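Asker: Input: one structure, supplied below.
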Number of protein chains: 2
Amino acid sequence: MHTDTPVSPRTPARRPGVRAVYARLREEILNGWIAPGEVLNQVHLARRFGVSRTPLREALRMLEAEGLVRARPQRRMRVTAIQAEEIDVLYAQRILLESMGIALTVPLLRPDELRQIREALEAMHAGEETGDPAEWEEPHRRFHALLVRHAGHPLVRAIVDAGERAELYRRLFVRTDPMTWALTRKEHDAVLEACLRREAEEAVRRNARHLARTALVLVGRLDPELEPRATRQALRFVVPEGRVAEAVP
Amino acid sequence: MHTDTPVSPRTPARRPGVRAVYARLREEILNGWIAPGEVLNQVHLARRFGVSRTPLREALRMLEAEGLVRARPQRRMRVTAIQAEEIDVLYAQRILLESMGIALTVPLLRPDELRQIREALEAMHAGEETGDPAEWEEPHRRFHALLVRHAGHPLVRAIVDAGERAELYRRLFVRTDPMTWALTRKEHDAVLEACLRREAEEAVRRNARHLARTALVLVGRLDPELEPRATRQALRFVVPEGRVAEAVP
DNA sequence: CTTCTGAAGAATGTATACACTAGGGCTCAC
DNA sequence: GTGAGCCCTAGTGTATACATTCTTCAGAAG
């Protein structure tokens, strides 16, 4: 074709666009690069992302609707500073959603998928040694994602969303001392073991207890006065009668 | 004051603003004024709301993040046309969240609040007679909201959000014949009755069954092939073993 | 009659301009 | 020193302009 169709006159790489700005900003918030409560200066952010304020504001609105950012008219937006009660509810939702996902998934797990779960666990253990949190986070996410693989796309999405949010606060507020790490590791191993035995309900219970314990620690840090009612109630739905007492230390 | 300070040169009434546009558009979608799948023309909408495309787009992004609107780059946005599987998950979430809310609320209900619940039910019955759906919807929302009153603000918000979304699809796809209405009425009455007896768990179960039945009808309409796995699993968490069979007809 | 092609028109994505508000620092009185 | 009040700048909210991309429809080819 001889017609002068400029293949790519300039910016051969695609420009950022709202989606990209949204994704980057979201990651920065979820990784804790931008601390909860911090102000989000539109001018600075726009410059930093190499974009004008128009698409930036759209990305911010998406994050606002998602609850990651709080906006009041005429005031500067801030990264959401979560309340203890919201942590309680967030973890309660997570317990319920993941339990549903695991219950639907375990009966359908094929041998190679079980192997993948084991591999994720081993990668976590290896990551533990390095001392670099990121090395551990990735397989940890993978582990939880694999457990709900066959739950159906919309449910998986809801679970991952809730998980990402929760992980932010876990990373920010619970300093993982060696004892806690050992406990966490034991809990994960126990979940896998139940999966291997094809005991979906037992896997659900163990995972729920694991999450509930984290929630209790987290809520305790943020507001020792607050009773985590939602988390306790969620656990009661998932763990059968008579076992609730033993469920949470 | 002789200095020519124009008190209000133009638009003395407050201009719409993003929040207002968002709220109005959201309501139009949730009320079904704009049908699922319908395209959202930014120019037309902006004109209709008396606003430029800039704030309109921000409102649309919020709705997108919320899942009410689907956007693909460079393509026109559309009101989300939900899939049967998403209905399944949505109702499953609703069952879990409302169950949690009711379990937390019923023990704390004061006599005057119980009276309010009864009054909401009576208003529903009255609205039924008129034949005007709106007359019934409002007290119906009030009824469900009262049942989770003491669940704590963040949980109430999550419940209301899920409820609003679900109600859209119920209104759109289930034509309420007299027999269904009678059944619905019986179910609501049964929930109230359990509340009056302070039997939180029984109220939870009855409400969950009510929601599950609606979900099964809805999923059946949208895709008769699809097995509503999530809803069934959610019900299993809330309804104790051995009662599942009787729970859903 | 159906399917492809191309070009005009329509709609989206982003940048910029500008009006208005919030809030931070400064002065000044005490 | 300390607090109240004012002013000025930084920052937000919206409108408009323009480049780019999609959509649609008329007309040609099969």
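In the structure tokens, each chain is lettered A, B, ... as it comes, each chain's residues begin at 1, and ligands are numbered from 1 in order of appearance.
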Hey, could you make a per-residue contact list for chain A against chain D with 9 Å as the cut-off, showing the nearest pair of atoms and its distance in Å to one decimal, counting only C-alpha atoms (C1' of nucleotides), sorted by chain and number, as CSV?
Answerer:
```
residue,atom,partner,partner_atom,distance
A:Asn41,CA,D:DG11,C1',7.8
A:Gln42,CA,D:DG11,C1',8.0
A:Val43,CA,D:DG11,C1',8.0
A:Pro73,CA,D:DT12,C1',8.5
A:Gln74,CA,D:DT12,C1',5.6
A:Arg75,CA,D:DT12,C1',7.1
A:Arg76,CA,D:DT12,C1',7.4
```
Asker: I need the residues from that last selection saved to file as a PDB file, in the first residue's frame (with C-alpha atoms), if you can.
Answerer:
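What follows is the written file out08.pdb:
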```pdb
ATOM      1  CA  ASN A  41      -3.312  15.631  44.772  1.00  0.00           C
ATOM      2  CA  GLN A  42      -4.817  15.469  41.305  1.00  0.00           C
ATOM      3  CA  VAL A  43      -2.256  17.787  39.740  1.00  0.00           C
ATOM      4  CA  PRO A  73     -17.170  17.700  47.341  1.00  0.00           C
ATOM      5  CA  GLN A  74     -14.611  20.466  46.934  1.00  0.00           C
ATOM      6  CA  ARG A  75     -12.233  18.687  49.243  1.00  0.00           C
ATOM      7  CA  ARG A  76      -9.153  16.765  48.334  1.00  0.00           C
TER       8      ARG A  76
END
```
Asker: Just asking: which residues within stretch 9-248 of chain B are helix (DSSP H, G or I) according to DSSP, as a ChimeraX atom specification?
Answerer: /B:17-30,42-49,53-66,84-108,111-130,133-147,149-151,153-173,178-196,200-222,229-238,244-247
Asker: Give as a list in words every residue of chain C that touches chain B within 8 Å, counting only C-alpha atoms (C1' of nucleotides).
Answerer: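 Within 8 Å of chain B on chain C, we get DA11, DT12 and DG13 of chain C.
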Asker: Per residue of chain A within 7 Å of chain B, which atom pair is closest and at what distance in Å (one decimal), using only C-alpha atoms, listed by chain and increasing number, as JSON lines?
Answerer:
```
{"residue": "A:Glu58", "atom": "CA", "partner": "B:Glu58", "partner_atom": "CA", "distance": 5.0}
{"residue": "A:Arg61", "atom": "CA", "partner": "B:Met62", "partner_atom": "CA", "distance": 5.5}
{"residue": "A:Met62", "atom": "CA", "partner": "B:Met62", "partner_atom": "CA", "distance": 4.8}
{"residue": "A:Ala65", "atom": "CA", "partner": "B:Met62", "partner_atom": "CA", "distance": 5.2}
{"residue": "A:Glu66", "atom": "CA", "partner": "B:Ala65", "partner_atom": "CA", "distance": 6.2}
{"residue": "A:Glu86", "atom": "CA", "partner": "B:Pro154", "partner_atom": "CA", "distance": 5.8}
{"residue": "A:Val89", "atom": "CA", "partner": "B:Leu155", "partner_atom": "CA", "distance": 6.1}
{"residue": "A:Leu96", "atom": "CA", "partner": "B:Leu96", "partner_atom": "CA", "distance": 6.9}
{"residue": "A:Met100", "atom": "CA", "partner": "B:Gln233", "partner_atom": "CA", "distance": 6.3}
{"residue": "A:Pro154", "atom": "CA", "partner": "B:Glu86", "partner_atom": "CA", "distance": 5.8}
{"residue": "A:Leu155", "atom": "CA", "partner": "B:Val89", "partner_atom": "CA", "distance": 6.1}
{"residue": "A:Ala230", "atom": "CA", "partner": "B:Met100", "partner_atom": "CA", "distance": 6.9}
{"residue": "A:Gln233", "atom": "CA", "partner": "B:Met100", "partner_atom": "CA", "distance": 6.3}
{"residue": "A:Ala234", "atom": "CA", "partner": "B:Met100", "partner_atom": "CA", "distance": 6.6}
{"residue": "A:Phe237", "atom": "CA", "partner": "B:Phe237", "partner_atom": "CA", "distance": 5.6}
{"residue": "A:Val238", "atom": "CA", "partner": "B:Phe237", "partner_atom": "CA", "distance": 5.8}
```
Asker: Got a sec: who's within 8 Å of A:Ile102, counting only C-alpha atoms (C1' of nucleotides), leaving out chain neighbours fewer than 3 positions off, as number ranges by chain?
Answerer: A: 98-99, 105-106, 147-148, 151, 200, 203-204
Asker: Rounded to one decimal in Å, what is the spacing between atom CA of A:Leu235 and atom CA of A:His125?
Answerer: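 These atoms are spaced 27.1 Å apart.
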Asker: Tell me, in Å to one decimal, how far atom CA of B:Ser52 is from atom C1' of C:DC20.
Answerer: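 Computed distance, atom CA of B:Ser52 to atom C1' of C:DC20, equals 17.2 Å.
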Asker: Do you know which residues are at most 12 Å from B:Arg213 counting only C-alpha atoms (C1' of nucleotides), after dropping those on the same chain fewer than 3 positions away, and could you put them as a PyMOL selection string?
Answerer: chain B and resi 88+91-92+95+170+174+180+183-184+187+206-210+216-220+228+231-232+235+246-249
Asker: Restricted to C-alpha atoms, what would the selected residues look like written as a CSV table (one decimal), in the first residue's frame?
Answerer:
```
chain,number,residue,atom,x,y,z
B,88,ASP,CA,-26.8,-17.0,41.1
B,91,TYR,CA,-28.3,-14.0,45.4
B,92,ALA,CA,-25.9,-16.2,47.2
B,95,ILE,CA,-28.4,-14.8,51.4
B,170,ARG,CA,-36.4,-9.5,40.1
B,174,VAL,CA,-40.3,-12.2,37.3
B,180,THR,CA,-46.4,-16.2,43.6
B,183,LEU,CA,-46.4,-17.3,48.5
B,184,THR,CA,-44.1,-14.3,48.9
B,187,GLU,CA,-42.8,-16.1,53.5
B,206,ARG,CA,-36.9,-18.5,56.6
B,207,ASN,CA,-35.5,-15.4,55.0
B,208,ALA,CA,-32.7,-17.4,53.3
B,209,ARG,CA,-35.3,-19.8,51.8
B,210,HIS,CA,-37.3,-16.9,50.6
B,216,LEU,CA,-34.1,-20.2,41.6
B,217,VAL,CA,-37.0,-18.7,39.7
B,218,LEU,CA,-34.8,-15.9,38.3
B,219,VAL,CA,-32.0,-18.2,37.2
B,220,GLY,CA,-34.5,-20.5,35.7
B,228,PRO,CA,-27.5,-22.4,40.7
B,231,THR,CA,-27.2,-20.1,45.9
B,232,ARG,CA,-27.6,-23.8,46.9
B,235,LEU,CA,-28.3,-22.0,51.6
B,246,GLU,CA,-37.1,-29.2,52.5
B,247,ALA,CA,-35.7,-25.7,52.1
B,248,VAL,CA,-36.0,-25.4,48.4
B,249,PRO,CA,-39.0,-26.9,46.6
```
Asker: Within stretch 12-249 of chain B, find each residue whose DSSP state, derived from the backbone, is strand (DSSP E), and express the selection as a ChimeraX atom specification.
Answerer: /B:39-40,69-70,77-79
Asker: I'd like the interatomic distance between atom CA of B:Ala194 and atom CA of B:Arg94, to a tenth of an Å.
Answerer: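 Computing it gives 19.6 Å between the two atoms.
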